[in-house]
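See below for my_file.txt, which holds compact mmCIF, C-alpha atoms and all ligand atoms.
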```txt
# COMPACT_ATOMS: atom_id res chain seq x y z
CA MET A 28 13.38 21.80 -42.73
CA LYS A 29 11.55 18.66 -43.73
CA SER A 30 11.43 17.73 -47.38
CA ILE A 31 8.35 16.23 -49.01
CA ALA A 32 10.22 12.92 -49.03
CA ASP A 33 10.73 13.11 -45.27
CA TYR A 34 7.13 14.02 -44.88
CA ASN A 35 6.09 10.96 -46.83
CA LYS A 36 8.38 8.80 -44.78
CA ALA A 37 6.76 10.10 -41.63
CA ASN A 38 3.35 9.41 -43.15
CA PHE A 39 4.28 6.08 -44.65
CA GLU A 40 0.68 4.97 -45.02
CA ALA A 41 0.14 7.68 -47.61
CA PRO A 42 1.24 6.64 -51.07
CA THR A 43 1.64 10.12 -52.54
CA ALA A 44 2.55 13.58 -51.42
CA SER A 45 -0.97 14.77 -52.14
CA ALA A 46 -2.58 12.05 -50.07
CA SER A 47 -0.12 12.76 -47.33
CA LEU A 48 -0.86 16.46 -47.38
CA ALA A 49 -4.56 15.80 -47.51
CA ARG A 50 -4.24 13.61 -44.45
CA GLY A 51 -2.46 16.38 -42.60
CA THR A 52 -5.24 18.92 -42.72
CA GLY A 53 -8.02 17.03 -44.42
CA SER A 54 -7.77 19.51 -47.23
CA LEU A 55 -5.50 20.83 -49.89
CA ALA A 56 -7.23 24.18 -49.74
CA LEU A 57 -4.92 26.95 -48.70
CA PRO A 58 -5.90 29.19 -45.83
CA THR A 59 -6.59 32.71 -47.05
CA LEU A 60 -3.70 34.00 -45.02
CA ALA A 61 -0.37 32.39 -44.30
CA PRO A 62 -0.24 30.94 -40.79
CA LYS A 63 1.08 33.20 -38.07
CA GLN A 64 4.66 32.83 -36.96
CA GLN A 65 4.71 31.49 -33.42
CA LYS A 66 7.31 32.41 -30.85
CA PRO A 67 10.78 30.89 -31.40
CA GLY A 68 10.84 27.15 -30.86
CA PHE A 69 7.08 26.85 -31.05
CA ALA A 70 4.65 26.06 -33.85
CA LYS A 71 0.95 25.53 -34.31
CA CYS A 72 -0.25 22.08 -35.29
CA SER A 73 -2.34 21.82 -38.45
CA ASN A 74 -3.82 18.40 -37.66
CA ASN A 75 -7.61 18.06 -37.44
CA GLY A 76 -8.82 17.96 -33.88
CA CYS A 77 -5.51 19.27 -32.50
CA LYS A 78 -4.51 22.76 -33.69
CA LYS A 79 -2.45 23.22 -30.56
CA ILE A 80 0.63 25.34 -30.09
CA PHE A 81 3.46 22.92 -29.43
CA GLU A 82 7.12 23.15 -28.56
CA LYS A 83 9.07 21.84 -31.55
CA ALA A 84 11.73 20.24 -29.36
CA THR A 85 9.14 18.02 -27.70
CA ASN A 86 7.35 16.96 -30.87
CA THR A 87 7.45 13.17 -30.69
CA GLU A 88 5.51 10.40 -32.40
CA THR A 89 2.99 10.43 -29.58
CA ALA A 90 2.76 14.19 -29.06
CA CYS A 91 -0.34 14.75 -31.16
CA ASN A 92 -3.83 13.31 -30.86
CA PHE A 93 -5.83 14.05 -33.96
CA HIS A 94 -8.34 12.90 -36.57
CA PRO A 95 -6.78 11.90 -39.89
CA GLY A 96 -10.17 12.13 -41.62
CA ASN A 97 -12.08 15.10 -42.93
CA PRO A 98 -14.84 16.75 -40.95
CA ILE A 99 -18.21 15.88 -42.46
CA PHE A 100 -21.13 18.19 -41.81
CA GLY A 101 -24.17 16.57 -43.36
CA GLY A 102 -27.50 18.13 -42.52
CA ASN A 103 -27.32 18.74 -38.78
CA GLU A 104 -25.01 15.85 -38.13
CA LYS A 105 -21.34 16.53 -37.56
CA ARG A 106 -18.69 13.84 -37.54
CA TRP A 107 -15.18 12.92 -38.63
CA ALA A 108 -14.76 10.68 -41.68
CA CYS A 109 -12.40 8.52 -39.61
CA CYS A 110 -14.84 8.12 -36.70
CA PRO A 111 -18.23 7.21 -38.22
CA GLU A 112 -19.43 5.83 -34.90
CA HIS A 113 -19.35 9.29 -33.33
CA ALA A 114 -21.81 11.83 -34.68
CA HIS A 115 -23.19 14.90 -32.96
CA TRP A 116 -25.65 17.65 -33.69
CA GLU A 117 -23.96 20.14 -31.40
CA PHE A 118 -20.75 21.64 -32.70
CA GLU A 119 -19.39 21.75 -29.15
CA LEU A 120 -19.89 18.03 -28.73
CA PHE A 121 -18.41 17.39 -32.15
CA GLN A 122 -15.28 19.22 -31.05
CA LYS A 123 -15.05 16.96 -28.01
CA ILE A 124 -15.01 13.70 -29.96
CA PRO A 125 -11.79 12.10 -28.74
CA PRO A 126 -9.06 12.05 -31.40
CA CYS A 127 -8.62 8.54 -32.82
CA LYS A 128 -5.03 8.75 -33.94
CA THR A 129 -1.67 9.55 -32.33
CA GLY A 130 1.35 10.92 -34.16
CA ASN A 131 3.63 13.89 -34.62
CA HIS A 132 2.29 17.41 -34.52
CA VAL A 133 2.46 19.00 -37.96
CA ASP A 134 3.95 22.50 -38.07
CA GLU A 135 1.29 24.50 -39.91
CA LEU A 136 3.87 26.88 -41.35
CA GLU A 137 5.87 24.01 -42.84
CA HIS A 138 2.63 22.46 -43.97
CA PHE A 139 1.57 25.71 -45.61
CA LYS A 140 4.88 25.91 -47.47
CA GLN A 141 4.46 22.33 -48.65
CA LEU A 142 0.94 23.08 -49.84
CA LEU A 143 2.21 26.06 -51.80
CA GLN A 144 4.89 23.89 -53.32
CA PHE A 145 2.44 21.12 -54.08
CA ARG A 146 -0.13 23.41 -55.65
CA ALA A 147 2.54 24.90 -57.89
CA THR A 148 2.98 21.47 -59.46
CA ALA A 149 -0.39 19.77 -58.98
CA SER A 150 -3.04 19.52 -61.64
CA GLU A 151 -6.34 21.37 -61.23
CA GLU A 152 -8.01 18.02 -60.82
CA GLU A 153 -5.80 16.95 -57.92
CA VAL A 154 -6.36 20.22 -56.11
CA GLY A 155 -10.07 20.30 -56.90
CA LEU A 156 -10.73 16.88 -55.40
CA THR A 157 -10.32 17.94 -51.82
CA GLY A 158 -10.25 21.71 -52.17
CA ASN A 159 -13.76 22.42 -50.92
CA VAL A 160 -13.49 21.13 -47.36
CA HIS A 161 -12.54 24.43 -45.82
CA ALA A 162 -15.56 26.05 -47.40
CA GLN A 163 -17.70 23.57 -45.50
CA MET A 164 -15.82 24.37 -42.32
CA GLY A 165 -16.55 28.03 -42.77
CA TYR A 166 -13.03 29.34 -43.05
ZN ZN B 1 -11.17 10.20 -35.91
ZN ZN B 2 -1.10 18.23 -33.09
```
Could you quickly redo this structure as structure tokens?
Ligand SMILES: [Zn+2]
Ligand SMILES: [Zn+2]
Amino acid sequence: MKSIADYNKANFEAPTASASLARGTGSLALPTLAPKQQKPGFAKCSNNGCKKIFEKATNTETACNFHPGNPIFGGNEKRWACCPEHAHWEFELFQKIPPCKTGNHVDELEHFKQLLQFRATASEEEVGLTGNVHAQMGY
């Protein structure tokens, strides 16, 4: 299992665990339900714009194409914070915006556990800062 320290190492651009976690899903909000267990050796990726089932053994630095930024739905316009040049009105087109970043898939179960751990120690303020993104996404 990866520790938070390993996670930070993997996401060396992120200065803190919270920023690193926020980058992973774009939110520190917990899903209402724990992620489903996938079949042995497989996991679901929690990265924005990916969310694919991947084989853990083949998870390399270039396995995942994703958006590190949050989804922003302002008025009718939908875009990723990391890709301001792409904006769409249609949700379908928004979903097809090509991911701008390559990296490792993030096991959503591990990510969920880390979020639980983080929220157990984080201040209300830290959690509140990014905790409303999933509400905007509608889940
Ligand atoms: Zn992007
Ligand atoms: Zn992925």
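In terms of minimum interatomic distance to ligand ZN 1 (chain B), A:Glu112 ranks closest within A:Glu119, A:Glu135, A:Glu151, A:Glu112, counting only C-alpha atoms and all ligand atoms.
Residues in contact with ligand ZN 2 (chain B) (atom pairs separated by at most 9 Å; all atoms listed in the file) are Lys71, Cys72, Ser73, Asn74, Asn75, Gly76, Cys77, Lys78, Lys79, Ile80, Phe81, Asn86, Ala90, Cys91, Asn92, Phe93, Thr129, Gly130, Asn131, His132, Val133 and Asp134 of chain A.
Between CA of Thr87 (chain A) and CA of Ile99 (chain A) lies a distance of 28.4 Å.
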Quick one: contact table of chain A to ligand ZN 1 (chain B), 6 Å max, nearest atom pair and distance in Å to one decimal per residue, counting all atoms listed in the file, chain and number order, as a tab-separated table?
```
residue	atom	partner	partner_atom	distance
A:His94	CA	B:ZN1	ZN	4.0
A:Trp107	CA	B:ZN1	ZN	5.6
A:Cys109	CA	B:ZN1	ZN	4.2
A:Cys110	CA	B:ZN1	ZN	4.3
A:Pro126	CA	B:ZN1	ZN	5.3
A:Cys127	CA	B:ZN1	ZN	4.3
```
Could you please take those selected residues and save C-alpha atoms as a compact mmCIF listing (two decimals), in the frame of the given file?
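Written output follows (part.txt):
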```txt
# COMPACT_ATOMS: atom_id res chain seq x y z
CA HIS A 94 -8.34 12.90 -36.57
CA TRP A 107 -15.18 12.92 -38.63
CA CYS A 109 -12.40 8.52 -39.61
CA CYS A 110 -14.84 8.12 -36.70
CA PRO A 126 -9.06 12.05 -31.40
CA CYS A 127 -8.62 8.54 -32.82
```
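Considering all atoms listed in the file, the residue among A:Ala149, A:Leu120, A:Ala108, A:Leu60 positioned nearest to Gly96 (chain A) is A:Ala108.
You will find CA of Pro67 (chain A) at 20.3 Å from CA of Gln141 (chain A).
Closest to Lys128 (chain A) among A:Gly101, A:Glu82, A:Glu88, A:Pro62 is A:Glu88, based on all atoms listed in the file.
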Item to complete: Could you tell me how far CA of Glu104 (chain A) lies from CA of Trp116 (chain A), in Å and to one decimal?
Response: 4.8 Å
